[in-house]
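Visitor: Below is the structure I would like to discuss, written out as structure tokens.
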Amino acid sequence: MSDATGTDFEQSLFEAPPMGEQERMVEAILFATAEAVTVKELNDRMPHGSDAAEALVHLRKRYEGRGVNVVRVGDAWAIRTAPDLGFLMQKETVETRKLSRAAIETLAIIAYHQPVTRAEIEEIRGVSVSRGTVDQLLEMEWIRFGRRRMTPGRPVTFVVTQDFLDHFGLESARDLPGLKELRAAGLLENRPPPGTMPQMGEGDVDAEEATEEGQSELFED
Amino acid sequence: MSDATGTDFEQSLFEAPPMGEQERMVEAILFATAEAVTVKELNDRMPHGSDAAEALVHLRKRYEGRGVNVVRVGDAWAIRTAPDLGFLMQKETVETRKLSRAAIETLAIIAYHQPVTRAEIEEIRGVSVSRGTVDQLLEMEWIRFGRRRMTPGRPVTFVVTQDFLDHFGLESARDLPGLKELRAAGLLENRPPPGTMPQMGEGDVDAEEATEEGQSELFED
Amino acid sequence: MTESTSDGFDTTVADRLAAEALIVDVDGFEGPLDLLLSLSRTQKVDLRKVSVLELARQYLAFVDQAKALRIELAADYLVMAAWLAFLKSRLLLPPDPEEEGPSGEDLAAHLAFQLERLQAMRDVAARLMARDQLGRDFFARGVTQQVERVRKIDYTATLLDLMQGYARIRTRDEFRPFVMDRDAVFTMEQALERMRGLIGFAGTWTDISTYMPDGWDVDPVRWRSATASTFAASLELAKEGKVELRQSDTFAPIELRRRDGR
């Protein structure tokens with residue numbers, strides 16, 4: 001079926017196909033070929049007398065501002081995605097996850113006690129703080145390193161960031177409600193059932209897992 | 001650079017980009033892949049509120065008569081070179097495995113009678129279908145398993161795939177050549193053999209029990 | 001079956017030649033239906049007008065010849081031969097009103113339908129294969145771009161989460177001593193109560209450690225608490241004049257005995 005038309009072109013040996021046809025041919029070749037194609041190669045593949053260079057000029061114009069463009073790659077030509085549409089080639093899946101209990105508690109301690117060292121966080125939480133938890137908060141840019149504490153070992157301190165304040169809609173960390181206010185708001189009466197209390201000395205991971213459910217049960221309406 | 005624009009689109013969460021932009025996006029996505037892309041996938045990848053189906057109508061029109069065309073493949077869309085330009089592509093031709101006569105016939109029977117059981121194929125061809133034939137078609141992804149027939153033994157059925165449609169340039173199974181004539185001539189009916197026909201192939205029980213209702217569910221509008 | 005050549009249907013020379021050609025090529029047939037389809041072509045008529053009787057005769061002649069030439073035919077060819085012989089007799093004999101089952105005409109019609117359907121499938125298969133094909137006549141994109149899948153996890157927390165988290169920690173601190181009271185502390189009152197019940201049986205010197213509550217010797221924290229309270233309770237009981245205490249040496253076990261009398 002396709003041969004018929006092909007033969008037509010080949011029959012008119014010394015008469016090049018009309019420019020519109022040549023443009024179609026260049027278009028098809030550039031589309032289907034895996035590599036960029038040189039003008040010479042185009043001319044070799046197209047019927048005798050074709051002028052691929054001229055066809056390319058037309059084709060290039062035709063694709064101006066389109067979703068794909070005819071671009072020059074070295075001394076060859078190719079069809080490529082328009083640069084501004086590159087984002088379509090990325091399929092971004094955003095998963096929203098609740099911050100783990102360990103992370104929330106660590107974050108809360110940093111917010112209320114900043115600047116605070118890791119050892120102090122551990123003392124307050126009563127469990128060791130995993131590296132992953134701190135890294136996660138750093139990566140989220142909700143906490144950052146503060147000044148080193150002028151005590152033996154010169155431990156680093158953590159403080160909350162502007163991003164943190166923005167996220168939680170706070171002017172400053174001082175705006176966080178104090179213990180009295182928390183109690184007034186009824187927040188201190190919420191105690192996790194004994195089974196979900198993180199065990200002293202156990203790893204953070206276990207504590208997180210054990211409490212995730214119990215926590216949401218308690219606080220969700 | 002591309003990110004900036006992407007973010008622009010994403011920022012206007014409830015405002016779809018103009019149709020011209022949507023058309024460009026569909027164009028870019030279809031150009032970027034060899035496989036057909038469903039409208040759903042297009043919409044998923046495009047900014048919120050986009051209408052890929054409408055953009056496709058415009059895009060298809062735009063490519064009419066060009067060297068490459070926007071073609072429908074089942075419920076998906078793809079860009080393919082115009083069939084009359086095949087002669088330019090000799091270089092690109094991939095030598096496909098020669099299908100045996102049995103495989104071609106089996107494929108045709110599946111395409112025209114789908115969903116069809118193995119026993120029904122055997123009934124039509126008058127010989128048992130070798131495992132290799134079905135395996136080859138499955139491997140080429142031209143056929144796949146359809147729903148089980150609700151008859152004794154619950155035999156599996158076969159249907160043709162989107163790849164099959166793509167390979168033969170069919171918009172849908174309804175466009176199979178000669179389908180209407182065959183149906184008009186009653187040759188797609190599942191006519192049970194009267195009384196004591198010799199059993200051809202195995203599991204004729206299924207073929208006998210098979211009702212017409214299951215037939216051609218893919219062809220129904 | 002052997003009567004097929006002597007039952008009045010003389011095979012023509014052309015038929016025989018055709019049948020021989022078929023036999024030579026028997027491996028090329030895809031089963032008896034395919035063979036029947038080939039034979040039906042010798043009738044040079046529309047498949048709808050094919051004479052099934054004639055076809056049955058041709059097929060049986062073919063099978064006979066194959067036998068004469070000692071060509072092994074697959075079982076399904078022979079099954080078909082038997083069935084066609086049966087069909088032929090049905091078609092030739094006047095219908096028996098007693099006989100049940102489908103008529104010879106019905107069976108012949110179905111066979112004709114099967115042949116027509118097989119031929120139709122062959123025709124459309126050929127039309128299908130003659131279509132433009134992907135990768136031969138038309139082409140997909142040569143350069144494909146992988147869609148990168150970027151998985152982004154957006155962690156969220158609300159101010160309430162934060163405050164509740166902090167409240168949880170502070171609350172835990174406030175109540176910890178209370179929890180420990182229950183848990184790991186054996187009070188002197190508890191020790192006194194326990195010992196008062198037991199000293200009645202302590203007529204001889206016994207180590208005060210035997211008055212320790214059961215099960216408190218596993219956890220060192222509880223052990224310490226119980227030891228302290230038991231010791232303090234012993235002193236209290238000695239002060240009350242209920243018991244006597246003695247220790248033979250520094251760090252030696254402290255022993256206790258009920259003090260009889262008043």
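Within each chain, counting starts at residue 1; across the structure tokens, chains are named A, B, ... in the order shown, with ligands numbered 1 upward in that order.
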Which residues of chain A are close to chain B, meaning at most 6 Å apart when you count only C-alpha atoms, and how do they look as a PyMOL selection string?
Guide: chain A and resi 2+5-6+24-25+27-28+66-68+81+83-84+86-87
Visitor: I want to know what sits within 6 Å of segment 102-115 of chain A, based on only C-alpha atoms, with residues of the same chain fewer than 5 positions away left out; could you give that as a list in words?
Guide: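 Returned residues: Thr133, Thr157, Phe158, Val159, Val160 and Glu208 of chain A; Leu162, Gly165 and Tyr166 of chain C.
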Visitor: Find the residue from B:Met150, B:Leu182, B:Leu59, B:Val134 that sits nearest to chain C; use only C-alpha atoms when measuring.
Guide: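 Checking each candidate against chain C, we get B:Leu182 as the closest.
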Visitor: To one decimal place in Å, what is the distance between atom CA of Ala76 of chain A and atom CA of Ala16 of chain A?
Guide: 22.2 Å
Visitor: Atom CA of Val127 of chain B and atom CA of Gly101 of chain C, how far apart in Å?
Guide: 24.9 Å
Visitor: From the options A:Val71, A:Leu176, A:Met140, A:Val57, which residue's atoms come nearest to Gln164 of chain C, counting only C-alpha atoms?
Guide: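 For Gln164 of chain C, the nearest of the candidates is A:Leu176.
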Visitor: Compute the chain C side of the contact with chain B at 10 Å, counting only C-alpha atoms, and hand it back as a PyMOL selection string.
Guide: chain C and resi 29-35+76+79-80+82-84+87+100-104+106-111+113-147
Visitor: Taking the DSSP assignment computed from this structure's backbone, write out as an MDAnalysis selection string all residues of segment 25-260 of chain C that belong to alpha helix (DSSP H).
Guide: chainID C and resid 32:41 52:68 75:92 104:129 159:184 188:198 220:239
Visitor: Can you write just those residues out, C-alpha atoms, as a short mmCIF file (atom, residue, chain, number, x, y, z; two decimals), in the first residue's frame?
Guide:
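And here is the file that came out, out-v8.cif:
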```cif
data_model
loop_
_atom_site.label_atom_id
_atom_site.label_comp_id
_atom_site.auth_asym_id
_atom_site.auth_seq_id
_atom_site.Cartn_x
_atom_site.Cartn_y
_atom_site.Cartn_z
CA PRO C 32 -9.14 -32.42 8.70
CA LEU C 33 -11.14 -29.21 8.40
CA ASP C 34 -8.29 -27.65 6.46
CA LEU C 35 -8.14 -30.70 4.22
CA LEU C 36 -11.88 -30.53 3.62
CA LEU C 37 -11.53 -26.86 2.74
CA SER C 38 -8.86 -27.72 0.18
CA LEU C 39 -10.99 -30.50 -1.26
CA SER C 40 -13.97 -28.20 -1.49
CA ARG C 41 -11.99 -25.97 -3.82
CA VAL C 52 -21.21 -31.84 1.33
CA LEU C 53 -22.06 -35.26 -0.03
CA GLU C 54 -19.51 -34.84 -2.77
CA LEU C 55 -17.04 -33.50 -0.21
CA ALA C 56 -17.56 -36.51 2.03
CA ARG C 57 -16.94 -38.77 -0.96
CA GLN C 58 -13.76 -36.92 -1.85
CA TYR C 59 -12.50 -37.05 1.71
CA LEU C 60 -13.18 -40.76 2.09
CA ALA C 61 -11.45 -41.43 -1.21
CA PHE C 62 -8.50 -39.46 0.06
CA VAL C 63 -8.33 -41.46 3.25
CA ASP C 64 -8.57 -44.72 1.30
CA GLN C 65 -5.76 -43.69 -0.94
CA ALA C 66 -3.64 -42.67 1.96
CA LYS C 67 -4.20 -46.12 3.40
CA ALA C 68 -3.33 -47.74 0.09
CA ALA C 75 -6.29 -39.91 14.48
CA ASP C 76 -8.43 -36.83 13.94
CA TYR C 77 -8.37 -37.41 10.17
CA LEU C 78 -9.76 -40.87 10.77
CA VAL C 79 -12.37 -39.60 13.22
CA MET C 80 -13.49 -37.14 10.56
CA ALA C 81 -13.58 -39.96 7.99
CA ALA C 82 -15.84 -42.03 10.21
CA TRP C 83 -18.07 -39.08 10.84
CA LEU C 84 -18.29 -38.24 7.13
CA ALA C 85 -19.15 -41.86 6.32
CA PHE C 86 -21.94 -41.59 8.86
CA LEU C 87 -23.03 -38.26 7.40
CA LYS C 88 -22.98 -39.70 3.90
CA SER C 89 -25.24 -42.57 4.87
CA ARG C 90 -27.61 -40.14 6.56
CA LEU C 91 -27.74 -37.98 3.48
CA LEU C 92 -28.33 -40.91 1.14
CA GLY C 104 -28.21 -35.30 7.80
CA GLU C 105 -29.08 -31.91 6.30
CA ASP C 106 -28.48 -30.16 9.62
CA LEU C 107 -25.11 -31.82 9.99
CA ALA C 108 -24.17 -31.05 6.41
CA ALA C 109 -25.23 -27.43 6.87
CA HIS C 110 -23.08 -27.11 9.93
CA LEU C 111 -20.08 -28.57 8.19
CA ALA C 112 -20.60 -26.12 5.33
CA PHE C 113 -20.83 -23.32 7.90
CA GLN C 114 -17.59 -24.43 9.51
CA LEU C 115 -15.83 -24.48 6.17
CA GLU C 116 -17.17 -21.09 5.23
CA ARG C 117 -16.16 -19.68 8.61
CA LEU C 118 -12.66 -21.10 8.39
CA GLN C 119 -12.30 -19.69 4.89
CA ALA C 120 -13.58 -16.32 6.10
CA MET C 121 -11.04 -16.29 8.92
CA ARG C 122 -8.27 -17.04 6.45
CA ASP C 123 -9.43 -14.22 4.23
CA VAL C 124 -9.54 -11.63 7.00
CA ALA C 125 -6.22 -12.89 8.37
CA ALA C 126 -4.73 -12.17 4.96
CA ARG C 127 -6.38 -8.73 4.86
CA LEU C 128 -5.09 -8.02 8.34
CA MET C 129 -1.54 -8.95 7.44
CA LEU C 159 0.96 23.72 65.23
CA LEU C 160 -1.43 21.60 67.24
CA ASP C 161 0.72 18.53 66.58
CA LEU C 162 3.70 20.47 67.81
CA MET C 163 2.04 21.68 70.99
CA GLN C 164 0.55 18.31 71.72
CA GLY C 165 3.94 16.73 71.21
CA TYR C 166 5.49 19.11 73.67
CA ALA C 167 2.62 18.73 76.12
CA ARG C 168 3.05 15.00 75.94
CA ILE C 169 6.71 15.24 76.93
CA ARG C 170 6.14 17.71 79.74
CA THR C 171 3.22 15.74 81.06
CA ARG C 172 5.32 12.65 81.14
CA ASP C 173 7.95 14.44 83.22
CA GLU C 174 5.47 15.74 85.76
CA PHE C 175 4.01 12.38 86.40
CA ARG C 176 7.09 10.27 86.30
CA PRO C 177 7.71 10.12 90.11
CA PHE C 178 4.16 9.05 90.62
CA VAL C 179 4.58 6.29 88.07
CA MET C 180 7.80 5.18 89.79
CA ASP C 181 6.05 5.01 93.17
CA ARG C 182 3.84 2.37 91.82
CA ASP C 183 6.52 0.69 89.93
CA ALA C 184 9.88 0.41 91.64
CA MET C 188 8.83 1.61 104.58
CA GLU C 189 5.13 1.42 105.41
CA GLN C 190 4.80 -1.50 103.03
CA ALA C 191 7.88 -3.15 104.56
CA LEU C 192 6.58 -2.68 108.10
CA GLU C 193 3.26 -4.15 107.24
CA ARG C 194 4.88 -7.12 105.60
CA MET C 195 7.32 -7.76 108.46
CA ARG C 196 4.73 -7.38 111.23
CA GLY C 197 2.88 -10.25 109.68
CA LEU C 198 5.99 -12.37 109.46
CA PRO C 220 18.30 -4.00 90.80
CA VAL C 221 16.36 -0.73 91.24
CA ARG C 222 13.52 -2.49 92.99
CA TRP C 223 15.99 -4.62 94.95
CA ARG C 224 17.68 -1.53 96.30
CA SER C 225 14.40 0.11 97.25
CA ALA C 226 13.13 -3.02 98.96
CA THR C 227 16.40 -3.54 100.83
CA ALA C 228 16.39 0.01 102.14
CA SER C 229 12.77 -0.11 103.26
CA THR C 230 13.14 -3.55 104.83
CA PHE C 231 16.23 -2.37 106.76
CA ALA C 232 14.45 0.79 107.91
CA ALA C 233 11.43 -1.22 108.94
CA SER C 234 13.66 -3.61 110.92
CA LEU C 235 15.14 -0.64 112.82
CA GLU C 236 11.64 0.64 113.47
CA LEU C 237 10.52 -2.75 114.84
CA ALA C 238 13.68 -2.98 117.05
CA LYS C 239 12.91 0.49 118.36
#
```
